[in-house]
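Encoded as structure tokens, the structure appears first; notes follow it.
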Amino acid sequence: MEGKNELNGRIQIQGSKNAALPILAACMLIPGVCKLKNCPDITDIRYMCNLLESTGAQVQITNTVIHTGIDIEVDTRTVQDYRLPGQYVSAMRSSVVLMGAMLGRIGEVSVNYPGGCVIGERPIDLHLHGLEKLGAQIWTENRHIHAYADELKGAVIDFPFPSVGATQNVVMAAVTAKGTTIIKHAAREPEVIELCKFLNQAGADIELSEAYQTQGTLVIHGVELCRLHETTYEIIPDRIVAGTYLFAALAAGGDITLEHVPIEQLDSVCDVLTSMGAQIAVNKQDREIHLNAQKRDQIVNLPYIETDVYPAFPTDLQSPLIAAACVAKKRLVIKEKIFSSRYKIVEELQRMGAKITVQKDTAIVEGGRELEGRAVIAKELRGGAALVIAGLCASGITTIADSYFIKRGYQDIAGDLSRLGARISYVDR
């Protein structure tokens, strides 16, 4: 990409990666055909489809009418194999949520430890603890996990931390468990709510009560497998992609409108952007966010921000914020409270001229820097997207190697930004 070009125009936001993946896994629970609309066409989605097919399910993918995503039809009536192939599991961490769905459907699953981005300690202990509380027998051997259950039974599960993946895994297993399951300190992210809505639409009995919304107490009343039925569900737009593009416009300057945006999920992000000097207008009826950051001299860092579980500022937008903070005025101190090693981008930004120091879980960004284009390397998904933001601001040419990390979550980041006026393209080598 060639930097120093403002972003102007309108683009539509893709479907949510973090909502689509667990809902695809949940299709395993429904003995029939489910259709998911507006899924993002990204590598992680393709991996999940491959995993479903490996069990015997039939998956059909079609492009959407407006070509902003794909529709996926999953037929699980032919499911028979409980073993999930390692090449897909090792490439994608979210594959672990298939454990709960497979236990709920056929009572057995065999899977490698999941892979994905290396962003610190991401143990799956909470996943396994929750499934064991429901009655699953789990044993591990050489980083391979096997789980079996004659019958799953409802239980009270108290998570010490509101893990999104563990909550989703337990929800899927509890849907067909005998009796009632209560999850205390359940994650409240929109993607968990969407999973519950999908399952309820397919015949599950999950209470999305005020106690859940305010305290994280989620109640699942188990139903017989035969109660679950076919359904069609539309995937929500991706709040992290929307946030990434908003920070890109803040950093590069310009005037953009994002269409098909989950506005109610972006309060903390819009608060940060506004506090930094961007002008934001929200059109809830048309689901659009307009951001104006043409006055570059008015973009100033906040003194302190920390990431946390929803509805606080999301960890997935920490790296894009850091990239924007490099060119904004004054200093930003940001504390990462979710993942222990999410500062892998710092070394690459320093090579471009950024002044950043890291002290354990805190990064200190000295703003007002002039970034220079360099050959840099994406080391994980969100950090890779943040390097794109840095390249948009930098003088000269920036190239990003290992862009496959970015394609795990962004359907067409180069195409989207090109439509906004950026000079950016993919290069196949």
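Every chain in the structure tokens has a letter given in the order shown (A, B, ...), and although residue numbers restart at 1 in each chain, ligands are simply numbered from 1 in the order shown.
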
Requested in this report: Enumerate as a ChimeraX atom specification all residues of range 31-174 of chain A assigned to strand (DSSP E) by DSSP on the backbone, naming them with the chain letters and numbers the document uses.
Outcome: /A:33-39,58-63,70-75,108-112,137-140,144-148,156-158

Requested in this report: Within range 225-400 of chain A, find each residue whose DSSP state, derived from the backbone, is alpha helix (DSSP H), and express the selection as a ChimeraX atom specification.
Outcome: /A:239-252,267-275,318-327,345-351,381-393

Using only C-alpha atoms, I'd like a table of the residues in range 306-354 of chain A that come within 9 Å of range 371-388 of chain A; for each, show the closest atom pair and its distance in Å rounded to one decimal, ordered by chain and ascending number, as a Markdown table.
| residue | atom | partner | partner_atom | distance |
| --- | --- | --- | --- | --- |
| A:Asp316 | CA | A:Arg382 | CA | 6.2 |
| A:Leu317 | CA | A:Arg382 | CA | 7.2 |
| A:Gln318 | CA | A:Arg382 | CA | 8.3 |
| A:Ser319 | CA | A:Gly383 | CA | 5.4 |
| A:Pro320 | CA | A:Ala386 | CA | 4.4 |
| A:Leu321 | CA | A:Ala386 | CA | 7.8 |
| A:Ile322 | CA | A:Ala386 | CA | 7.8 |
| A:Ala323 | CA | A:Ala386 | CA | 5.8 |
| A:Ala324 | CA | A:Ala386 | CA | 8.3 |
| A:Cys326 | CA | A:Leu371 | CA | 8.0 |
| A:Val327 | CA | A:Leu371 | CA | 7.6 |
| A:Arg342 | CA | A:Gly383 | CA | 8.0 |
| A:Tyr343 | CA | A:Gly383 | CA | 8.2 |
| A:Lys344 | CA | A:Lys379 | CA | 7.0 |
| A:Ile345 | CA | A:Gly383 | CA | 5.4 |
| A:Val346 | CA | A:Gly383 | CA | 9.0 |
| A:Glu348 | CA | A:Val376 | CA | 5.9 |
| A:Leu349 | CA | A:Leu387 | CA | 7.4 |
| A:Gln350 | CA | A:Leu371 | CA | 9.0 |
| A:Arg351 | CA | A:Arg374 | CA | 7.2 |
| A:Met352 | CA | A:Glu372 | CA | 5.0 |
| A:Gly353 | CA | A:Leu371 | CA | 5.0 |
| A:Ala354 | CA | A:Leu371 | CA | 6.5 |

Query raised in the report: Excluding same-chain residues fewer than 3 positions from range 208-223 of chain A, what lies within 8 Å of it counting only C-alpha atoms, as a list in words?
Result: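 Listing them by chain and then by number gives Gly154, Val171, Ala174, Val175, Thr176, Ala177, Lys178, Gly179, Thr180, Thr181, Ile182, Ile183, Lys184, His185, Ala186, Ala187, Arg188, Ile193, Cys196, Ala204, Asp205, Arg227 and Leu228 of chain A.
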
Query raised in the report: Looking at only C-alpha atoms, which of A:Lys335, A:Arg419, A:His290, A:Lys17 is the one that sits closest to Thr274 in chain A?
Result: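 Of the candidates, the smallest distance to Thr274 in chain A is held by A:His290.
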
Requested in this report: Identify which of the residues A:Val97, A:Ala325, A:Met276, A:Ala312 lies closest to Ile124 in chain A, counting only C-alpha atoms when measuring atom-to-atom distances.
Outcome: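 When distances to Ile124 in chain A are compared using only C-alpha atoms, the smallest one comes from A:Val97.
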